[in-house]
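Containing mmCIF, C-alpha atoms: model.cif.
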```cif
data_structure
#
loop_
_atom_site.label_atom_id
_atom_site.label_comp_id
_atom_site.auth_asym_id
_atom_site.auth_seq_id
_atom_site.Cartn_x
_atom_site.Cartn_y
_atom_site.Cartn_z
CA MET A 1 -16.42 -35.93 10.05
CA SER A 2 -17.31 -32.85 12.10
CA ASN A 3 -16.33 -29.34 11.14
CA SER A 4 -13.66 -29.34 13.82
CA GLU A 5 -11.99 -32.28 12.12
CA ILE A 6 -11.74 -30.58 8.66
CA THR A 7 -8.29 -29.14 7.97
CA PRO A 8 -7.95 -25.61 6.51
CA ASP A 9 -6.87 -27.10 3.20
CA GLU A 10 -9.92 -29.39 3.15
CA ARG A 11 -12.23 -26.45 3.94
CA LEU A 12 -10.69 -24.51 1.07
CA ASP A 13 -11.11 -27.47 -1.31
CA ALA A 14 -14.73 -27.87 -0.22
CA HIS A 15 -15.39 -24.14 -0.70
CA ASP A 16 -13.80 -24.20 -4.17
CA GLY A 17 -15.79 -27.28 -5.09
CA HIS A 18 -19.00 -25.52 -4.01
CA LYS A 19 -18.06 -22.50 -6.13
CA LYS A 20 -17.31 -24.72 -9.11
CA THR A 21 -20.66 -26.45 -8.67
CA ARG A 22 -22.49 -23.14 -8.58
CA ARG A 23 -20.48 -21.89 -11.54
CA GLY A 24 -21.28 -25.09 -13.43
CA ARG A 25 -24.98 -24.66 -12.70
CA SER A 26 -24.77 -21.05 -13.80
CA GLY A 27 -22.98 -22.08 -16.99
CA ARG A 28 -25.63 -24.71 -17.75
CA GLY A 29 -28.33 -22.12 -17.13
CA ALA A 30 -26.70 -19.68 -19.52
CA MET A 31 -26.34 -22.42 -22.12
CA TRP A 32 -30.01 -23.27 -21.75
CA LEU A 33 -30.92 -19.61 -22.28
CA LEU A 34 -28.59 -19.39 -25.28
CA ALA A 35 -30.15 -22.54 -26.73
CA LYS A 36 -33.64 -21.14 -26.25
CA THR A 37 -32.54 -17.97 -28.03
CA LEU A 38 -30.89 -19.85 -30.90
CA HIS A 39 -34.02 -21.95 -31.42
CA ARG A 40 -35.87 -18.69 -32.13
CA LEU A 41 -33.08 -17.15 -34.19
CA VAL A 42 -31.73 -19.78 -36.55
CA ARG A 43 -34.08 -20.15 -39.49
CA ASN A 44 -31.60 -20.33 -42.35
CA GLY A 45 -28.96 -23.06 -42.22
CA ARG A 46 -28.22 -25.81 -39.74
CA LEU A 47 -26.17 -25.03 -36.63
CA THR A 48 -24.85 -27.60 -34.14
CA VAL A 49 -23.36 -26.32 -30.88
CA ILE A 50 -21.24 -28.49 -28.58
CA ASP A 51 -21.09 -26.87 -25.15
CA ALA A 52 -18.23 -26.91 -22.64
CA GLN A 53 -19.70 -29.98 -20.90
CA GLY A 54 -19.88 -31.93 -24.16
CA GLY A 55 -23.62 -31.50 -24.66
CA THR A 56 -24.87 -31.21 -28.23
CA TRP A 57 -27.55 -28.73 -29.32
CA GLN A 58 -29.00 -28.43 -32.80
CA PHE A 59 -30.77 -25.47 -34.36
CA GLY A 60 -32.34 -24.48 -37.65
CA SER A 61 -33.49 -26.42 -40.67
CA GLN A 62 -31.95 -29.13 -42.79
CA THR A 63 -30.90 -26.55 -45.40
CA SER A 64 -27.30 -25.60 -46.05
CA PRO A 65 -24.94 -24.38 -44.86
CA ALA A 66 -24.47 -26.87 -42.04
CA VAL A 67 -21.94 -25.90 -39.37
CA SER A 68 -20.83 -27.38 -36.05
CA ILE A 69 -19.07 -25.25 -33.43
CA ARG A 70 -17.58 -26.03 -30.02
CA LEU A 71 -17.75 -23.64 -27.04
CA GLY A 72 -14.64 -24.06 -24.94
CA THR A 73 -15.70 -22.40 -21.67
CA ALA A 74 -18.81 -22.48 -19.50
CA ARG A 75 -18.78 -18.65 -19.32
CA LEU A 76 -19.04 -18.16 -23.07
CA PRO A 77 -22.84 -18.63 -23.40
CA SER A 78 -23.53 -15.81 -20.93
CA ARG A 79 -21.06 -13.54 -22.74
CA LEU A 80 -22.71 -14.34 -26.07
CA LEU A 81 -26.09 -13.44 -24.64
CA ALA A 82 -24.86 -10.15 -23.15
CA ASN A 83 -22.89 -8.84 -26.13
CA PRO A 84 -23.13 -11.21 -29.13
CA SER A 85 -20.88 -9.38 -31.58
CA LEU A 86 -18.00 -8.64 -29.22
CA ALA A 87 -18.11 -12.02 -27.48
CA LEU A 88 -18.32 -13.98 -30.73
CA GLY A 89 -15.31 -12.27 -32.31
CA GLU A 90 -13.20 -12.48 -29.16
CA ALA A 91 -14.09 -16.14 -28.62
CA TYR A 92 -12.96 -17.00 -32.14
CA MET A 93 -9.74 -15.00 -31.67
CA ASP A 94 -8.99 -16.71 -28.35
CA GLY A 95 -9.84 -20.18 -29.62
CA THR A 96 -12.67 -20.67 -27.10
CA LEU A 97 -15.05 -20.96 -30.06
CA ARG A 98 -13.87 -23.44 -32.67
CA ILE A 99 -15.35 -24.60 -35.96
CA GLU A 100 -15.71 -28.40 -35.80
CA SER A 101 -17.25 -28.84 -39.25
CA GLY A 102 -18.11 -26.42 -42.01
CA SER A 103 -16.22 -23.14 -42.33
CA LEU A 104 -16.00 -19.82 -40.54
CA ARG A 105 -17.60 -18.12 -43.54
CA ASP A 106 -20.50 -20.61 -43.43
CA PHE A 107 -20.94 -20.05 -39.71
CA LEU A 108 -21.02 -16.27 -40.13
CA ALA A 109 -23.39 -16.64 -43.07
CA ILE A 110 -25.82 -18.38 -40.70
CA CYS A 111 -25.39 -15.58 -38.16
CA MET A 112 -25.88 -12.78 -40.69
CA SER A 113 -28.76 -14.36 -42.57
CA ASN A 114 -30.68 -14.40 -39.28
CA ILE A 115 -29.70 -10.83 -38.36
CA ASP A 116 -33.28 -9.51 -38.12
CA ALA A 117 -34.12 -12.02 -35.40
CA LEU A 118 -30.85 -11.28 -33.61
CA ASP A 119 -31.58 -7.56 -33.56
CA ALA A 120 -34.90 -8.28 -31.88
CA LEU A 121 -33.18 -9.69 -28.79
CA PRO A 122 -33.58 -7.49 -25.67
CA ALA A 123 -29.82 -7.48 -24.95
CA ARG A 124 -29.09 -6.49 -28.55
CA ARG A 125 -31.63 -3.65 -28.43
CA ILE A 126 -30.20 -2.40 -25.15
CA ARG A 127 -26.64 -2.52 -26.55
CA ARG A 128 -27.67 -0.55 -29.65
CA TRP A 129 -29.49 1.97 -27.48
CA LEU A 130 -26.38 2.44 -25.33
CA ASP A 131 -24.21 2.84 -28.42
CA GLN A 132 -26.53 5.55 -29.71
CA ARG A 133 -26.49 7.32 -26.35
CA ILE A 134 -22.70 7.42 -26.21
CA GLY A 135 -22.22 7.42 -29.97
CA ARG A 136 -21.02 11.00 -30.18
CA LYS A 137 -18.08 10.13 -27.94
CA LEU A 138 -17.42 6.76 -29.60
CA HIS A 139 -17.30 8.24 -33.10
CA HIS A 140 -15.90 11.69 -32.39
CA ASN A 141 -12.63 11.99 -34.30
CA PRO A 142 -10.65 15.23 -33.85
CA ILE A 143 -7.34 15.30 -35.71
CA SER A 144 -5.26 13.83 -32.87
CA ARG A 145 -7.66 10.94 -32.37
CA ALA A 146 -8.04 10.37 -36.11
CA LEU A 147 -4.26 10.05 -36.37
CA ALA A 148 -4.19 7.37 -33.65
CA ASN A 149 -7.14 5.50 -35.20
CA VAL A 150 -5.51 5.40 -38.61
CA ALA A 151 -2.21 4.19 -37.15
CA HIS A 152 -4.06 1.34 -35.38
CA HIS A 153 -5.13 -0.19 -38.70
CA TYR A 154 -3.20 1.25 -41.63
CA ASP A 155 0.26 1.33 -40.09
CA LEU A 156 0.37 -2.45 -39.89
CA SER A 157 3.06 -4.06 -41.99
CA THR A 158 2.61 -3.44 -45.71
CA ALA A 159 3.66 -7.08 -46.16
CA LEU A 160 0.39 -8.11 -44.47
CA TYR A 161 -1.72 -6.24 -47.01
CA ASP A 162 0.30 -7.68 -49.88
CA LEU A 163 -0.87 -11.13 -48.79
CA PHE A 164 -4.51 -10.50 -49.75
CA LEU A 165 -4.91 -7.27 -51.76
CA ASP A 166 -4.54 -6.88 -55.52
CA THR A 167 -1.24 -5.82 -57.08
CA ASP A 168 -2.23 -2.13 -56.81
CA ARG A 169 -3.09 -2.45 -53.08
CA GLN A 170 -6.63 -1.17 -53.52
CA TYR A 171 -8.10 -1.52 -50.02
CA SER A 172 -11.72 -0.69 -50.84
CA CYS A 173 -14.69 -2.14 -52.70
CA ALA A 174 -13.88 -3.36 -56.21
CA TYR A 175 -16.29 -3.12 -59.14
CA PHE A 176 -17.69 -6.37 -60.60
CA PRO A 177 -19.94 -5.66 -63.62
CA THR A 178 -20.48 -9.39 -64.23
CA GLY A 179 -19.15 -10.99 -61.04
CA THR A 180 -16.67 -13.10 -62.99
CA GLU A 181 -13.81 -10.58 -63.01
CA THR A 182 -10.50 -11.29 -61.32
CA LEU A 183 -9.73 -9.14 -58.28
CA ASP A 184 -7.11 -7.16 -60.21
CA MET A 185 -9.54 -6.55 -63.07
CA ALA A 186 -12.35 -5.52 -60.71
CA GLN A 187 -10.13 -3.04 -58.88
CA ALA A 188 -8.98 -1.56 -62.19
CA LEU A 189 -12.62 -1.25 -63.22
CA LYS A 190 -13.38 0.52 -59.93
CA LYS A 191 -10.73 3.13 -60.68
CA ARG A 192 -12.06 3.51 -64.22
CA HIS A 193 -15.63 3.94 -62.91
CA ILE A 194 -14.55 6.64 -60.46
CA ALA A 195 -12.49 8.46 -63.09
CA ALA A 196 -15.49 8.49 -65.44
CA LYS A 197 -17.66 10.12 -62.78
CA LEU A 198 -14.98 12.76 -62.10
CA ARG A 199 -15.12 14.01 -65.70
CA LEU A 200 -11.35 14.30 -65.92
CA GLU A 201 -9.42 16.32 -68.49
CA PRO A 202 -5.65 16.85 -68.84
CA GLY A 203 -4.23 19.42 -66.46
CA LEU A 204 -6.95 19.34 -63.80
CA ASP A 205 -6.00 19.56 -60.11
CA VAL A 206 -7.32 16.62 -58.09
CA LEU A 207 -7.42 16.16 -54.30
CA ASP A 208 -7.51 12.52 -53.16
CA ILE A 209 -8.68 12.40 -49.53
CA GLY A 210 -7.57 9.13 -47.94
CA SER A 211 -5.18 8.22 -50.74
CA GLY A 212 -4.04 4.85 -49.32
CA TRP A 213 -0.99 3.40 -51.03
CA GLY A 214 -1.43 5.84 -53.92
CA GLY A 215 -2.94 3.60 -56.59
CA LEU A 216 -5.89 5.81 -57.52
CA GLY A 217 -3.84 9.02 -57.50
CA LEU A 218 -1.16 7.49 -59.71
CA GLU A 219 -3.83 6.19 -62.09
CA LEU A 220 -5.47 9.62 -62.42
CA ALA A 221 -2.10 11.24 -63.09
CA GLN A 222 -0.85 8.67 -65.58
CA ALA A 223 -4.00 7.86 -67.54
CA HIS A 224 -5.73 11.25 -67.34
CA GLN A 225 -2.81 13.68 -67.01
CA ALA A 226 -4.17 15.14 -63.79
CA ARG A 227 -2.11 16.86 -61.09
CA VAL A 228 -2.90 14.96 -57.91
CA THR A 229 -2.48 15.70 -54.22
CA GLY A 230 -3.05 12.66 -52.03
CA LEU A 231 -3.75 12.95 -48.30
CA SER A 232 -3.40 10.20 -45.69
CA LEU A 233 -2.70 10.09 -41.97
CA SER A 234 -0.85 6.79 -42.29
CA ALA A 235 2.94 7.13 -42.26
CA GLU A 236 3.30 3.65 -43.80
CA GLN A 237 0.97 4.46 -46.68
CA ILE A 238 2.53 7.85 -47.42
CA ALA A 239 6.03 6.36 -47.55
CA ALA A 240 4.88 3.58 -49.90
CA ALA A 241 2.90 5.99 -52.11
CA ARG A 242 5.85 8.38 -52.48
CA ALA A 243 8.13 5.50 -53.40
CA ARG A 244 5.65 4.34 -56.06
CA ALA A 245 5.38 7.85 -57.50
CA ALA A 246 9.16 8.07 -57.78
CA GLN A 247 9.43 4.62 -59.37
CA SER A 248 6.72 5.52 -61.89
CA GLY A 249 8.33 8.83 -62.79
CA LEU A 250 5.23 10.70 -61.67
CA SER A 251 6.63 12.70 -58.74
CA ASP A 252 6.22 15.90 -60.75
CA ARG A 253 2.47 15.28 -61.11
CA VAL A 254 1.59 13.45 -57.89
CA ARG A 255 2.45 14.41 -54.33
CA PHE A 256 1.40 12.60 -51.19
CA GLU A 257 1.10 14.43 -47.88
CA GLN A 258 0.57 13.13 -44.35
CA ARG A 259 -2.04 15.54 -43.09
CA ASP A 260 -5.70 15.69 -42.19
CA TYR A 261 -8.18 16.77 -44.86
CA ARG A 262 -9.44 19.53 -42.54
CA GLN A 263 -6.02 21.18 -42.80
CA GLU A 264 -6.20 21.50 -46.60
CA ARG A 265 -6.19 25.12 -47.80
CA ASP A 266 -5.88 24.92 -51.61
CA GLN A 267 -8.72 24.60 -54.11
CA TYR A 268 -9.15 21.83 -56.67
CA ASP A 269 -11.05 21.04 -59.84
CA ARG A 270 -11.88 17.59 -58.56
CA VAL A 271 -12.06 15.98 -55.12
CA VAL A 272 -12.30 12.22 -54.58
CA SER A 273 -12.59 10.27 -51.33
CA VAL A 274 -12.62 6.46 -51.43
CA GLY A 275 -13.11 4.40 -48.27
CA MET A 276 -12.35 7.30 -45.95
CA PHE A 277 -15.75 8.77 -45.01
CA GLU A 278 -16.38 5.77 -42.72
CA HIS A 279 -13.62 7.13 -40.43
CA VAL A 280 -15.13 10.60 -40.05
CA GLY A 281 -17.79 9.88 -37.41
CA ARG A 282 -21.29 11.30 -37.31
CA SER A 283 -20.23 14.39 -35.36
CA GLY A 284 -17.74 15.16 -38.14
CA PHE A 285 -20.15 15.04 -41.09
CA ASP A 286 -20.67 18.80 -41.26
CA ALA A 287 -16.95 19.58 -41.06
CA TYR A 288 -16.24 16.96 -43.74
CA PHE A 289 -18.69 18.29 -46.32
CA SER A 290 -17.96 21.90 -45.45
CA THR A 291 -14.32 21.14 -46.21
CA LEU A 292 -15.29 19.60 -49.55
CA ASN A 293 -17.29 22.71 -50.36
CA ARG A 294 -14.35 24.94 -49.43
CA VAL A 295 -11.68 23.05 -51.40
CA LEU A 296 -13.80 22.59 -54.55
CA LYS A 297 -13.52 25.25 -57.23
CA PRO A 298 -16.83 26.85 -58.32
CA ASP A 299 -17.21 24.47 -61.29
CA GLY A 300 -15.62 21.51 -59.48
CA VAL A 301 -16.90 17.95 -59.12
CA GLY A 302 -16.42 15.60 -56.17
CA LEU A 303 -17.03 11.91 -55.52
CA VAL A 304 -17.45 10.17 -52.17
CA HIS A 305 -17.22 6.37 -52.19
CA ALA A 306 -18.06 4.84 -48.79
CA ILE A 307 -19.59 1.93 -46.92
CA GLY A 308 -23.16 2.60 -45.84
CA THR A 309 -25.91 0.81 -43.97
CA MET A 310 -29.56 0.30 -44.79
CA GLU A 311 -30.86 1.37 -41.39
CA PRO A 312 -32.55 4.45 -39.89
CA GLN A 313 -29.29 5.45 -38.19
CA GLY A 314 -25.67 4.49 -38.73
CA GLY A 315 -23.31 3.12 -36.14
CA SER A 316 -20.52 0.63 -35.62
CA ASP A 317 -20.14 -2.97 -34.54
CA PRO A 318 -18.56 -3.33 -31.05
CA TRP A 319 -15.99 -5.95 -32.09
CA THR A 320 -14.97 -4.09 -35.24
CA ARG A 321 -14.75 -0.84 -33.30
CA LYS A 322 -12.50 -2.39 -30.65
CA TYR A 323 -10.14 -4.44 -32.81
CA ILE A 324 -10.24 -3.19 -36.41
CA PHE A 325 -11.48 0.37 -36.93
CA PRO A 326 -11.57 2.39 -33.69
CA GLY A 327 -13.68 5.50 -34.15
CA GLY A 328 -15.33 4.07 -37.27
CA TYR A 329 -18.94 4.91 -38.09
CA ILE A 330 -20.98 3.35 -40.91
CA PRO A 331 -23.35 6.07 -42.17
CA THR A 332 -26.80 5.79 -43.68
CA LEU A 333 -27.44 7.30 -47.08
CA SER A 334 -30.15 9.55 -45.65
CA GLU A 335 -27.99 11.16 -42.95
CA THR A 336 -25.13 11.54 -45.44
CA ILE A 337 -27.25 13.38 -47.99
CA ALA A 338 -28.71 15.58 -45.26
CA ALA A 339 -25.17 16.63 -44.29
CA ILE A 340 -24.30 17.30 -47.95
CA GLU A 341 -27.32 19.55 -48.29
CA ARG A 342 -26.45 21.41 -45.08
CA ALA A 343 -23.03 22.13 -46.62
CA GLY A 344 -24.71 23.74 -49.65
CA LEU A 345 -23.56 21.13 -52.18
CA TRP A 346 -25.56 19.57 -54.98
CA VAL A 347 -25.99 15.79 -55.12
CA THR A 348 -25.59 15.19 -58.85
CA ASP A 349 -25.51 11.38 -58.87
CA VAL A 350 -25.96 8.46 -56.47
CA GLU A 351 -25.12 4.81 -57.14
CA ILE A 352 -25.56 1.91 -54.73
CA LEU A 353 -23.14 -1.02 -55.03
CA ARG A 354 -24.95 -3.79 -53.17
CA LEU A 355 -22.92 -7.00 -53.52
CA HIS A 356 -19.67 -5.71 -55.00
CA TYR A 357 -17.95 -5.53 -51.61
CA ALA A 358 -19.11 -9.05 -50.72
CA GLU A 359 -17.29 -10.30 -53.81
CA THR A 360 -14.24 -8.19 -53.00
CA LEU A 361 -14.07 -9.60 -49.49
CA ARG A 362 -14.50 -13.14 -50.77
CA HIS A 363 -11.37 -12.68 -52.86
CA TRP A 364 -9.53 -11.16 -49.89
CA SER A 365 -10.57 -14.03 -47.58
CA GLU A 366 -9.44 -16.66 -50.06
CA ARG A 367 -6.11 -14.92 -50.63
CA PHE A 368 -5.50 -14.50 -46.91
CA ALA A 369 -6.30 -18.18 -46.31
CA ALA A 370 -3.85 -19.18 -49.05
CA ASN A 371 -1.13 -17.04 -47.46
CA ARG A 372 -1.99 -17.63 -43.81
CA ALA A 373 1.36 -19.24 -43.01
CA ALA A 374 3.13 -16.10 -44.23
CA ALA A 375 0.82 -13.94 -42.10
CA ARG A 376 1.69 -16.13 -39.12
CA THR A 377 5.37 -15.19 -39.53
CA LEU A 378 4.43 -11.49 -39.37
CA TYR A 379 1.98 -11.69 -36.45
CA ASP A 380 0.83 -14.29 -33.96
CA GLU A 381 -1.96 -16.86 -34.22
CA ARG A 382 -4.48 -14.68 -32.39
CA PHE A 383 -3.91 -11.87 -34.88
CA CYS A 384 -4.42 -14.26 -37.80
CA ARG A 385 -7.69 -15.50 -36.30
CA MET A 386 -8.75 -11.89 -35.75
CA TRP A 387 -7.99 -10.99 -39.36
CA GLU A 388 -9.79 -13.97 -40.89
CA PHE A 389 -12.79 -13.25 -38.66
CA TYR A 390 -12.75 -9.60 -39.79
CA LEU A 391 -12.69 -10.49 -43.49
CA ALA A 392 -15.31 -13.23 -43.22
CA ALA A 393 -17.68 -11.24 -40.98
CA SER A 394 -17.39 -8.23 -43.27
CA GLU A 395 -18.19 -10.33 -46.33
CA MET A 396 -21.30 -11.79 -44.73
CA SER A 397 -22.43 -8.35 -43.54
CA PHE A 398 -22.53 -7.29 -47.19
CA ARG A 399 -23.88 -10.57 -48.50
CA HIS A 400 -26.60 -11.20 -45.89
CA GLY A 401 -26.67 -8.15 -43.62
CA ARG A 402 -27.48 -4.47 -44.15
CA LEU A 403 -24.21 -3.09 -45.49
CA MET A 404 -23.64 -1.73 -48.99
CA VAL A 405 -21.42 0.84 -50.72
CA PHE A 406 -22.60 4.15 -52.09
CA GLN A 407 -20.95 6.51 -54.52
CA ILE A 408 -22.20 10.10 -54.29
CA GLN A 409 -21.20 12.65 -56.92
CA LEU A 410 -21.17 16.25 -55.65
CA ALA A 411 -20.87 19.70 -57.15
CA LYS A 412 -21.27 23.34 -56.23
CA ARG A 413 -23.27 24.02 -59.38
CA ARG A 414 -26.21 22.02 -60.70
CA ASP A 415 -24.82 22.24 -64.26
CA ALA A 416 -21.31 20.99 -63.39
CA VAL A 417 -22.04 17.61 -65.05
CA PRO A 418 -24.11 16.68 -68.14
CA LEU A 419 -27.89 16.31 -68.02
CA THR A 420 -27.83 12.50 -68.25
CA ARG A 421 -25.53 9.72 -67.03
CA ASP A 422 -24.56 8.64 -70.54
CA TYR A 423 -21.15 10.28 -70.19
CA ILE A 424 -20.13 7.75 -67.52
CA ALA A 425 -20.58 4.69 -69.74
CA LYS A 426 -18.95 6.47 -72.68
CA ALA A 427 -15.86 7.40 -70.67
CA GLU A 428 -15.55 3.84 -69.38
CA ALA A 429 -15.89 2.39 -72.87
CA ASP A 430 -13.20 4.73 -74.22
CA TYR A 431 -10.81 3.50 -71.52
CA ALA A 432 -11.73 -0.21 -71.61
CA GLY A 433 -8.88 -1.31 -73.89
CA THR A 434 -6.23 0.07 -71.56
CA ILE A 435 -7.75 -1.74 -68.58
CA ARG A 436 -7.77 -5.10 -70.39
CA ALA A 437 -4.17 -4.73 -71.46
CA ASP A 438 -3.02 -3.83 -67.96
CA ASP A 439 -4.93 -6.73 -66.40
CA THR A 440 -3.54 -9.22 -68.88
CA ALA A 441 -0.01 -8.08 -68.08
CA SER A 442 -0.73 -8.35 -64.33
CA GLU A 443 -2.10 -11.89 -64.64
CA CYS A 444 0.92 -12.96 -66.70
CA LYS A 445 3.28 -11.63 -64.05
CA GLY A 446 1.32 -13.46 -61.36
#
```

Rewrite the structure from the file as structure tokens, please.
Amino acid sequence: MSNSEITPDERLDAHDGHKKTRRGRSGRGAMWLLAKTLHRLVRNGRLTVIDAQGGTWQFGSQTSPAVSIRLGTARLPSRLLANPSLALGEAYMDGTLRIESGSLRDFLAICMSNIDALDALPARRIRRWLDQRIGRKLHHNPISRALANVAHHYDLSTALYDLFLDTDRQYSCAYFPTGTETLDMAQALKKRHIAAKLRLEPGLDVLDIGSGWGGLGLELAQAHQARVTGLSLSAEQIAAARARAAQSGLSDRVRFEQRDYRQERDQYDRVVSVGMFEHVGRSGFDAYFSTLNRVLKPDGVGLVHAIGTMEPQGGSDPWTRKYIFPGGYIPTLSETIAAIERAGLWVTDVEILRLHYAETLRHWSERFAANRAAARTLYDERFCRMWEFYLAASEMSFRHGRLMVFQIQLAKRRDAVPLTRDYIAKAEADYAGTIRADDTASECKG
């Protein structure tokens, strides 16, 4: 048939077929490049990949875990090569990457346990370089932007958080002295550990920066007779915290305010900040610690509990930044301490919690999985896949990656705390009986 005999519709079909052929070849080329990359990367675990054309590729050793995944589109390999973190999370959310055998947690364990090789990829290095170049803008959080960032995550339905958190709604790293504790027990122990480091006495004024649903503030007021001011930018959290204070009869000793920490003007005997420093951003370090210096009384003591990273410079993961914590920045211990010193504060104690958050997130993942149907009634399937990816990826980042939690005790004066750390263990031991009783009651109710 000559060209003059081809109808317009036939020419269009032929053109589309040619494009599909080229696209198919391009997709196969990208898959070949991805396979070549995975052959270099996967050393721990066994990964089987089924591509969009049905081809099967195997990587790694015969060791566990063993996972099989299916890529649903021919474009996915090229996206994974260009921006692994963002593409992987979005593909799981959209269902274009599916777990055929094994579990999501096993799959992410394979990814994270080979993180050093992944970071050596040229595309990964370029992406990290770009993030560092534009990092000041990505992680710059003036009050208006901080308010929007907090609303993005913390103003989700409280019912969602009740599906996977402990009964006190502690949304930060728990404390597992043995690793066998229940989640409720470990969160109670976390609060006890923090209280011991704060050197609390009856009648002290405490500022809780990033007070969440109020659990820590209420604990400090009830168990230690402190007067607590809790700050959060989340309207949902403030409303819930105020309701809890009223129900507990503690409204005269605990008040919760929706305002930014930089707007605080009073002074306090103690300042505590749990799981909030990660939202400050590197450009805000100096303002953060200068504020702590300003609001602490001369003999005051502060404690900062935050996620950190064991790298030369902090940063944020592209997928997490886009979908979970916009504006978030995971700091290094070194850059954090440098900012503390610039603010004129003493570092009086540092503790690194290495695997405690991995255990916390394991509990959260298991609880979310058990209540997934209820989550599906609150949000859609894509949201549920996003949330389970977030919890599982976070767990494996602590278990196999470079994340950890640090607790830094601060003071204006070098003699604000005792000469040795013995007082911490003593204070915890004195309070241990109350914790056990509370946990037993909680488990019975459950």

Which residues are close to stretch 322-336 of chain A, i.e. within 6 Å by all atoms listed in the file, leaving aside same-chain residues fewer than 5 positions away? Reply as a PDB file with C-alpha atoms, in the coordinates of the input.
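Output contents, as saved in out-v6.pdb:
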```pdb
ATOM      1  CA  HIS A 139     -17.300   8.240 -33.100  1.00  0.00           C
ATOM      2  CA  ASN A 149      -7.140   5.500 -35.200  1.00  0.00           C
ATOM      3  CA  GLU A 278     -16.380   5.770 -42.720  1.00  0.00           C
ATOM      4  CA  HIS A 279     -13.620   7.130 -40.430  1.00  0.00           C
ATOM      5  CA  GLY A 281     -17.790   9.880 -37.410  1.00  0.00           C
ATOM      6  CA  GLY A 308     -23.160   2.600 -45.840  1.00  0.00           C
ATOM      7  CA  THR A 309     -25.910   0.810 -43.970  1.00  0.00           C
ATOM      8  CA  GLY A 314     -25.670   4.490 -38.730  1.00  0.00           C
ATOM      9  CA  GLY A 315     -23.310   3.120 -36.140  1.00  0.00           C
ATOM     10  CA  SER A 316     -20.520   0.630 -35.620  1.00  0.00           C
TER      11      SER A 316
END
```

Quick one: what's the axis-aligned box for stretch 166-183 of chain A, all listed atoms, 5 Å on every side, centre and edges in Å to one decimal, as lines of an AutoDock Vina configuration file?
```
center_x = -10.9
center_y = -6.9
center_z = -57.1
size_x = 29.2
size_y = 22.4
size_z = 24.2
```

Contacts of stretch 256-362 of chain A with stretch 385-405 of chain A up to 10 Å, shortest pair per row, all atoms listed in the file, as a Markdown table:
```
| residue | atom | partner | partner_atom | distance |
| --- | --- | --- | --- | --- |
| A:Gly275 | CA | A:Val405 | CA | 9.4 |
| A:His305 | CA | A:Val405 | CA | 7.1 |
| A:Ala306 | CA | A:Val405 | CA | 5.6 |
| A:Ile307 | CA | A:Val405 | CA | 4.4 |
| A:Gly308 | CA | A:Met404 | CA | 5.4 |
| A:Thr309 | CA | A:Leu403 | CA | 4.5 |
| A:Met310 | CA | A:Arg402 | CA | 5.2 |
| A:Glu311 | CA | A:Arg402 | CA | 7.3 |
| A:Trp319 | CA | A:Tyr390 | CA | 9.1 |
| A:Thr320 | CA | A:Tyr390 | CA | 7.5 |
| A:Tyr323 | CA | A:Met386 | CA | 8.1 |
| A:Ile324 | CA | A:Tyr390 | CA | 7.7 |
| A:Ile330 | CA | A:Leu403 | CA | 8.5 |
| A:Pro331 | CA | A:Leu403 | CA | 9.8 |
| A:Thr332 | CA | A:Leu403 | CA | 9.4 |
| A:Leu333 | CA | A:Val405 | CA | 9.6 |
| A:Glu351 | CA | A:Val405 | CA | 8.4 |
| A:Ile352 | CA | A:Val405 | CA | 5.9 |
| A:Leu353 | CA | A:Val405 | CA | 5.0 |
| A:Arg354 | CA | A:Met404 | CA | 4.8 |
| A:Leu355 | CA | A:Arg399 | CA | 6.2 |
| A:His356 | CA | A:Val405 | CA | 8.0 |
| A:Tyr357 | CA | A:Phe398 | CA | 6.6 |
| A:Ala358 | CA | A:Glu395 | CA | 4.7 |
| A:Glu359 | CA | A:Glu395 | CA | 7.5 |
| A:Thr360 | CA | A:Glu395 | CA | 8.0 |
| A:Leu361 | CA | A:Glu395 | CA | 5.2 |
| A:Arg362 | CA | A:Glu395 | CA | 6.4 |
```

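Closest approach to A:Glu201 among A:Val274, A:Ala186, A:Leu419, A:Ala221 is made by A:Ala221 (distances from all atoms listed in the file).
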
Got a sec: who's within 10 Å of A:Ala369, counting all atoms listed in the file, leaving out chain neighbours fewer than 6 positions off, as a ChimeraX atom specification?
/A:163-164,363,375,384,388

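The protein and nucleic acid residues lying at most 10 Å from A:Leu220 are A:Lys191, A:Arg192, A:Ile194, A:Ala195, A:Leu200, A:Glu201, A:Pro202, A:Leu204, A:Val206, A:Asp208, A:Ala226, A:Arg227, A:Val228, A:Arg253, A:Val254, with only C-alpha atoms considered and sequence neighbours fewer than 6 positions away removed.
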
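Minimum atom-to-atom distance to A:Ala30, evaluated using all atoms listed in the file, belongs to A:Arg79 out of A:Lys297, A:Arg255, A:Arg43, A:Arg79.
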
Let me know the residues the PyMOL selection byres ((chain A and resi 167) around 10) catches in the file above, as a ChimeraX atom specification.
/A:162-166,168-170,183-184,187,215,442-443,446

What's the separation between atom CA of A:Asn83 and atom CA of A:Gly102, in Å to one decimal place?
24.2 Å

Selected by the PyMOL selection byres ((chain A and resi 196) around 12) in the shown coordinates: which residues, as a VMD selection string?
chain A and resid 189 to 195 197 to 201 220 223 to 224 270 272 301 to 303 409 417 421 to 432

Which residues come within 12 Å of A:Val49, counting only C-alpha atoms, excluding same-chain residues fewer than 4 positions away, as a PyMOL selection string?
chain A and resi 31-32+34-35+38-39+53-60+66-72+77+97-101+107

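In this model, the gap between atom CA of A:Ala339 and atom CA of A:Asp286 comes to 5.8 Å.
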